[in-house]
Each structure stands twice: as structure tokens, then as C-alpha cells.
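**Q** I have a structure here, written as C-alpha cells, and I will follow up with some questions on it.
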Amino acid sequence: MMQLSNADFIANLVPGAQQGYSLYGVLPSITIAQAIIESNWGTSYSANYDKNLFGIKMAGAKSPGMNIVQGSYATDDGGYYRRYQSWGDSMIDHGFFLANNSRYANVIGNTDYRSVANNLQSDGYAGDSATYASSLISTIKANNLTQYDIGSYTGRSIDSTNPGSDVPTTQYSIVSDSTWTSPDILYGRRCRVIVSSSDGQTALDVSDLRVVFSCVKTAAQLQPQFSTIVIYNLSPESENTIIQEGNRVTLEAGYEGSQYGLIFDGDVVQAIRNKEDGTTYTLTLVAADSDRWMSYSQSNFSLVRGQNNRSVIEGLASKATIPTQLGSISDSLSTSQLTRGKVIFGLTRDYIRQIAKSENAAAYIEGGKINFVKASDIPDGEILDLSPDSGLIGVPEQQDYGVTISCLMNPQIKLNSLVHVDNTLVHAQQFDQGQQIYTLDQDGIYRVIQITYMGDTRGNDWYTELETVTQAGAIPAMITNSTQSAQ
């Protein structure tokens, strides 16, 4: 996204700020100044990718009538920030946030921007900052933001238990067959593809073009997760910008509502121009999640006596030449302690593999994070039930160790997730003479060890394919160890 001038940025915020004032009573000058400070003039990650100017978290009440979904940026407490359709929605929801929180009651309806700024600071909006109020006031003065303090606040009450209660009744009704309003949405599908430079200063959103993608993730071995993303009919300028400066690609897909989210975020390792015919041009991006970490990360540090494998993993993640984050780490990692000190020196990935093999665990990368899981670990979250009513496509096929399942595009399904399928829906494997007989899981619960996301924003493909194993103690670890030890 090209950075706007300060004047253009403010102009983009004015309508939302004034609408927020009429609904919730927060002065437009204050809301605009807060957006400038908290998003650094719209250049923050959340402002760019999620239209979230204020860093409001996903949890909690939301302004009624808005399509607010989970954003792509995680919070420190394990949650996510919100994603809005526009900066205007972010401005309005910010007003709702303040008006729906009793601690900011002295802000609502107050028409003196200096008083509002000081109240926000004393109410603890910016934590223990002693300069927040003065920053707001100076920003308002420097940009003459009081000129936008027009309109009126109706003072309508807000009932968080009934978010629609502040919406006045109308005489409008739904006209038959008029619910299809946007040609940009194909059966509720949503997709966003952003290609950015390594420093984040240049980013192109190519979501309006035809995009065909295939993303494959596996927990069977420690390797980069690769994706192929084909973008159709870019302008020559955009194509050259991506080839020369496109170092990172972010892909989100799913459907309107909760079944939408990030499915891939990684580095572009190759960009390939092609021409299908005289008028159709394509640019294929081959991207990998954590390829640099796998190929180049080295570790060089010492361990003292008494440390265990979890300490080693934490050191490999934080002290490597290319640090990474920890994802899901098994609580049952060996608690046995080193009887003497040890020196770590070499490729980080090799030590990760050694630990996984010694612990009878699976180590894999997903979303730039290292994960260590065992067959005995129960993943966090709910077990997703897959049926024809919840997106199951076709007939699940039994394989040696589990079941292959196809369903509608669902970014909520991650590696190591548990899914449930009614075994009466599964097509049983035909056994040959001398072959070991495998049975389905008695409870119909299966662990996901490989995910393939297939999508075409102008075609039929929009599904997720899952390779699973039965939720039986030794099977997942057995598959993983046999694969990794051969490398």
C-alpha cells in the first residue's frame, strides 16, 4: 500500500470520525489525533493489513452492524486483533469501544478537546504514559483538527447485551431477490493477497485480480511449508515492482464471517513470468514459510548442567543467528536433566530434529513458529466436526493410518488439529492379501498431519484437503520418526 500524505490520511478519517461522534459522542478531533499517533499515520502493520488503527483486540463487544473478523496479527496474550473492512469502520468501532466502557464516561459528549485529552490520560487509556494528553493536544493543534468537530451527538444509550438496541427503527423492508449486492463476493468467498518488500515500506494488494493458489503444510517432517500463488494480468508496473521488491507474500482466504483467516505467510523465493495466451499473463510466486531459517540459521551457545530439552529448544529459538518463535510445545518433554554442560554448535534445524527423534515427537514449522508435539498430546481448542452440513466435500477415503478428507476452505483447521468424521461416511480401504488390516478410529476422531489449501478466486476450486491419522497413541509419532530418520 502506498503511504498517503498527511493531508490525504486525515481526509480518509474525517467521515468515520464524524459518524462515530454522532453515534457515540467522541470528538472527531480526538479520534483522528488518536489514529495518527497510534497507527503512525496509517503505516502500522495493523492499519495496513487489518484496517485497525487503534490496536483494538478481537475479544469484547463490537459496534453493531459491522463485519468485524479476526485479524492476522496476534496479541501478546494469545488472542488476535480485529480486522475491519475500512479505516472508517475502525474509527466508528473505536467510538463504540470508549462509549461502551464506563471508565471513559467523562469523555463521551465532552466538547472540549483539551479536557477529553486529559481525561483519557487520567482514565488510563495509554497506560502510565505521562505525555499522552500533551501529544494529543499538540497533534490536534498542528493539523487544525478542531475544524472537523461539527455535527451533534444524540446521546443514545448503548446496551452491550443487545448491540442492535441503539439502531432506530425504519420503514424499510427487504425486497424479494435483492440480497445479492456485490459482484466482488462469489458465494460468500473472501480472499486477500498482499505482496510486500522486506522492510514493509512497499506493499501491493492484488486481491481484486484472479489469483490461483496451492498451499501445502505438513507435520510429517521438519521442512519449509511451500505455496504456489499465480496472479493473473498484473500491470507491467505492478509486475516489475513485485519481481524487484516483493520479498514476502501474505495469503488469507475463506468465507465471510468466522471461517476466514491467514493460511500462509512466507518469503518469496522465486517469481516466474508466463503467458498463457495472447492476452492472459501470469506471475507465479513460489514462496516458503521459514525457508531462511531452515537453510541458514545456526546456533552457537553453551548449556550448563541441570538444563533439559525444553531449555535447549528455547535456546535454539532465541539464540540462533536467525531467531524464531515457539508455537505448540509438548508439556511432556523429557524432564531429565543434563549431568554436565554441553556446547551447541551447528545448523539449528539439525538439533531440532535430534531432539524430536530422542523425544519420540514431531517437529514442524507453521506460521514461522517451531512446534513440538507428541501423539499423546491433546491439541488446544475444539474438535471440528466435518459433515455435509459443515462443509464436508465428497466421501472421505480410508488410508493405511487414517482418513483423507476434503472440505470447504477452512483456515481454522491447523496442523495437529483434531477433526471428527462420522465413520459411516468413510469409504473403507480395500485390503489386498497379506496386507495388514487397519481399522478406523472408534470415535471417528482424527489428527491432521498434512493440509492442502486449493483456491481459484475466479474458478471452482475453493477447498481444503486433509491427510489425517487415527487418534491412536503410537501412529502419528511412528510416521514422523520414520520420515525424519531417513534424512
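Ordering of the C-alpha cells sets the chain letters (A, B, ...), residue numbers begin anew at 1 in every chain, and ligands are numbered from 1 in the order given.
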Using DSSP on the backbone coordinates, identify all residues within region 350-442 of chain A classified as strand (DSSP E); present the result as a list in words.
**A**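 Of region 350-442 of chain A, only Ala362, Ala363, Tyr364, Ile365, Glu366, Lys369, Ile370, Asn371, Phe372, Val373, Leu384, Asp385, Leu392, Ile393, Gly394, Val395, Pro396, Glu397, Gln398, Val403, Thr404, Ile405, Ser406, Cys407, Leu408, Leu418, Val419 and His420 of chain A fall in strand (DSSP E).
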**Q** Using the selection just defined, write its residues with N, CA and C atoms as a CSV table (one decimal), in the first residue's frame.
**A**
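Written output follows (part32.csv):
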```csv
chain,number,residue,atom,x,y,z
A,362,ALA,N,7.0,-35.1,17.1
A,362,ALA,CA,7.1,-34.5,15.8
A,362,ALA,C,7.4,-33.0,15.9
A,363,ALA,N,8.4,-32.6,15.0
A,363,ALA,CA,8.8,-31.2,15.0
A,363,ALA,C,8.4,-30.6,13.6
A,364,TYR,N,7.7,-29.5,13.6
A,364,TYR,CA,7.4,-28.9,12.3
A,364,TYR,C,7.2,-27.4,12.4
A,365,ILE,N,7.3,-26.7,11.3
A,365,ILE,CA,7.1,-25.3,11.2
A,365,ILE,C,5.7,-24.9,10.7
A,366,GLU,N,5.1,-24.0,11.3
A,366,GLU,CA,3.8,-23.5,10.8
A,366,GLU,C,3.7,-22.0,11.3
A,369,LYS,N,6.7,-20.5,13.3
A,369,LYS,CA,6.9,-21.0,14.6
A,369,LYS,C,7.3,-22.5,14.7
A,370,ILE,N,8.2,-22.8,15.6
A,370,ILE,CA,8.5,-24.2,15.8
A,370,ILE,C,7.5,-24.9,16.7
A,371,ASN,N,7.1,-26.1,16.3
A,371,ASN,CA,6.1,-26.8,17.1
A,371,ASN,C,6.7,-28.2,17.4
A,372,PHE,N,6.6,-28.6,18.7
A,372,PHE,CA,6.9,-30.0,19.1
A,372,PHE,C,5.7,-30.6,19.7
A,373,VAL,N,5.2,-31.7,19.1
A,373,VAL,CA,4.0,-32.4,19.6
A,373,VAL,C,4.3,-33.9,19.7
A,384,LEU,N,-13.2,-30.0,15.5
A,384,LEU,CA,-14.1,-29.6,14.5
A,384,LEU,C,-14.8,-30.8,13.9
A,385,ASP,N,-16.1,-30.7,13.8
A,385,ASP,CA,-17.0,-31.8,13.3
A,385,ASP,C,-17.2,-31.5,11.8
A,392,LEU,N,-18.2,-30.7,4.5
A,392,LEU,CA,-17.5,-31.9,4.0
A,392,LEU,C,-17.8,-32.0,2.5
A,393,ILE,N,-16.8,-32.3,1.7
A,393,ILE,CA,-17.0,-32.5,0.3
A,393,ILE,C,-16.7,-33.9,0.0
A,394,GLY,N,-17.6,-34.5,-0.8
A,394,GLY,CA,-17.4,-35.9,-1.3
A,394,GLY,C,-17.4,-36.9,-0.2
A,395,VAL,N,-16.6,-38.0,-0.4
A,395,VAL,CA,-16.6,-39.1,0.5
A,395,VAL,C,-15.2,-39.2,1.1
A,396,PRO,N,-15.0,-39.2,2.4
A,396,PRO,CA,-13.6,-39.4,3.0
A,396,PRO,C,-13.1,-40.8,2.6
A,397,GLU,N,-11.8,-40.9,2.4
A,397,GLU,CA,-11.2,-42.2,2.0
A,397,GLU,C,-10.3,-42.7,3.1
A,398,GLN,N,-10.5,-44.0,3.4
A,398,GLN,CA,-9.6,-44.5,4.4
A,398,GLN,C,-8.2,-44.8,3.8
A,403,VAL,N,-7.5,-41.2,7.5
A,403,VAL,CA,-8.5,-40.8,6.5
A,403,VAL,C,-8.1,-39.6,5.8
A,404,THR,N,-8.4,-39.6,4.4
A,404,THR,CA,-8.2,-38.4,3.6
A,404,THR,C,-9.5,-37.7,3.5
A,405,ILE,N,-9.6,-36.4,3.8
A,405,ILE,CA,-10.8,-35.7,3.9
A,405,ILE,C,-10.7,-34.4,3.1
A,406,SER,N,-11.8,-34.1,2.4
A,406,SER,CA,-11.9,-32.8,1.7
A,406,SER,C,-13.1,-32.0,2.2
A,407,CYS,N,-12.8,-30.7,2.4
A,407,CYS,CA,-13.9,-29.8,2.9
A,407,CYS,C,-13.8,-28.5,2.3
A,408,LEU,N,-14.8,-27.6,2.5
A,408,LEU,CA,-14.7,-26.3,2.0
A,408,LEU,C,-13.5,-25.5,2.7
A,418,LEU,N,-7.6,-31.6,15.7
A,418,LEU,CA,-8.4,-32.8,15.7
A,418,LEU,C,-9.7,-32.5,15.0
A,419,VAL,N,-10.1,-33.5,14.1
A,419,VAL,CA,-11.4,-33.3,13.5
A,419,VAL,C,-12.2,-34.6,13.7
A,420,HIS,N,-13.5,-34.5,13.6
A,420,HIS,CA,-14.4,-35.6,13.8
A,420,HIS,C,-15.1,-35.9,12.5
```
**Q** For the alpha helix (DSSP H) assignment from backbone DSSP, which residues of region 198-430 of chain A qualify? Please present them as an MDAnalysis selection string.
**A** chainID A and resid 236:245 291:296 309:318 348:358
**Q** Could those residues be written to a file, using C-alpha atoms, as a CSV table (one decimal), in the first residue's frame?
**A**
```
chain,number,residue,atom,x,y,z
A,236,PRO,CA,3.6,-4.1,-16.1
A,237,GLU,CA,4.4,-1.6,-13.3
A,238,SER,CA,3.0,-3.8,-10.6
A,239,GLU,CA,4.6,-6.9,-12.0
A,240,ASN,CA,8.0,-5.3,-12.1
A,241,THR,CA,7.6,-4.0,-8.5
A,242,ILE,CA,6.7,-7.5,-7.2
A,243,ILE,CA,9.7,-9.1,-9.1
A,244,GLN,CA,12.1,-6.5,-7.9
A,245,GLU,CA,10.9,-5.7,-4.4
A,291,ASP,CA,13.0,-21.2,4.3
A,292,ARG,CA,15.8,-18.9,5.5
A,293,TRP,CA,15.6,-20.3,9.0
A,294,MET,CA,15.8,-23.9,7.7
A,295,SER,CA,18.7,-23.2,5.3
A,296,TYR,CA,20.9,-20.7,7.1
A,309,ASN,CA,15.4,-30.4,26.4
A,310,ARG,CA,12.9,-27.6,26.8
A,311,SER,CA,15.7,-25.3,27.7
A,312,VAL,CA,17.6,-26.4,24.7
A,313,ILE,CA,14.6,-25.7,22.4
A,314,GLU,CA,14.1,-22.3,23.9
A,315,GLY,CA,17.8,-21.5,23.3
A,316,LEU,CA,17.7,-22.8,19.7
A,317,ALA,CA,14.7,-20.5,19.1
A,318,SER,CA,16.0,-17.3,20.7
A,348,THR,CA,19.7,-25.1,14.2
A,349,ARG,CA,17.4,-27.5,12.2
A,350,ASP,CA,19.7,-30.5,12.9
A,351,TYR,CA,19.5,-30.0,16.7
A,352,ILE,CA,15.7,-29.6,16.4
A,353,ARG,CA,15.5,-32.9,14.5
A,354,GLN,CA,17.7,-34.7,17.0
A,355,ILE,CA,15.6,-33.6,19.9
A,356,ALA,CA,12.4,-34.6,18.2
A,357,LYS,CA,13.8,-38.1,17.5
A,358,SER,CA,15.0,-38.6,21.0
```
**Q** Within 10 Å of Gln412 (chain A), counting only C-alpha atoms, which residues show up once you throw out same-chain ones fewer than 4 positions away? Write them as a list in words, please.
**A**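 Near Gln412 (chain A), the qualifying residues are Gly254, Ser258, Gln259, Tyr260, Gly261, Leu262, Ile263, Leu384 and Ser417 of chain A.
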**Q** If we count only C-alpha atoms and set the cut-off at 8 Å, which residues sit around region 29-32 of chain A, ignoring sequence neighbours fewer than 4 positions away in its own chain? Please answer as a list in words.
**A**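 Contacts, in chain order: Ile10, Leu13, Val14, Ala17, Ile36, Met91, His94, Gly95, Tyr113, Val116, Ala117, Leu136, Ile140, Leu145, Thr146, Gln147, Tyr148 and Asp149 of chain A.
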**Q** CA of Val69 (chain A) and CA of Val195 (chain A) are how many Å apart?
**A**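 Computing it gives 21.4 Å between the two atoms.
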**Q** Using only C-alpha atoms, pick whichever of A:Ser297, A:Asn410, A:Gln201, A:Gln307 has the shortest atom-to-atom distance to Thr321 (chain A).
**A**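 Of the candidates, the smallest distance to Thr321 (chain A) is held by A:Ser297.
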**Q** Using only C-alpha atoms, pick whichever of A:Lys319, A:Lys414, A:Lys51, A:Arg305 has the shortest atom-to-atom distance to Leu338 (chain A).
**A**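 Counting only C-alpha atoms, the residue closest to Leu338 (chain A) is A:Arg305.
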**Q** Identify, on the basis of only C-alpha atoms, every residue whose closest approach to Leu440 (chain A) does not exceed 10 Å; exclude the query and any residue fewer than 6 positions from it along the same chain; express the result as a PyMOL selection string.
**A** chain A and resi 398-403+423+426+428-429+446+469-471
**Q** So which residues touch Ile231 (chain A) within 6 Å, counting only C-alpha atoms, skipping near sequence neighbours fewer than 2 positions away, as a ChimeraX atom specification?
**A** /A:211,282-283
**Q** If I take CA of Asp432 (chain A) and CA of Ile445 (chain A), how far is one from the other in Å, to one decimal?
**A**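 That distance, rounded to one decimal, is 25.4 Å.
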**Q** Nearest to Tyr255 (chain A): which of A:Thr457, A:Thr202, A:Asn40, A:Asn300 is it, counting only C-alpha atoms?
**A**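 Smallest distance to Tyr255 (chain A) is found for A:Thr457.
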**Q** Find the residue from A:Val26, A:Ala11, A:Ala220, A:Ile150 that sits nearest to Arg447 (chain A); use only C-alpha atoms when measuring.
**A**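 Comparing A:Val26, A:Ala11, A:Ala220, A:Ile150 against Arg447 (chain A), the winner is A:Ala220.
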**Q** Check the smallest atom-to-atom distance from each of A:Pro28, A:Gly346, A:Phe54, A:Thr250 to Tyr153 (chain A) using only C-alpha atoms, then report the winner.
**A**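 Answer, going by the shortest atom-to-atom distance: A:Pro28.
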**Q** Any idea what the distance is between CA of Gln430 (chain A) and CA of Leu466 (chain A)?
**A**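 Between CA of Gln430 (chain A) and CA of Leu466 (chain A) the gap works out to 20.2 Å.
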**Q** Using only C-alpha atoms, which of the listed residues (A:Ser134, A:Asn233, A:Gln450, A:Ser72) sits closest to Asn416 (chain A)?
**A**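 The answer is A:Gln450, which sits nearest to Asn416 (chain A).
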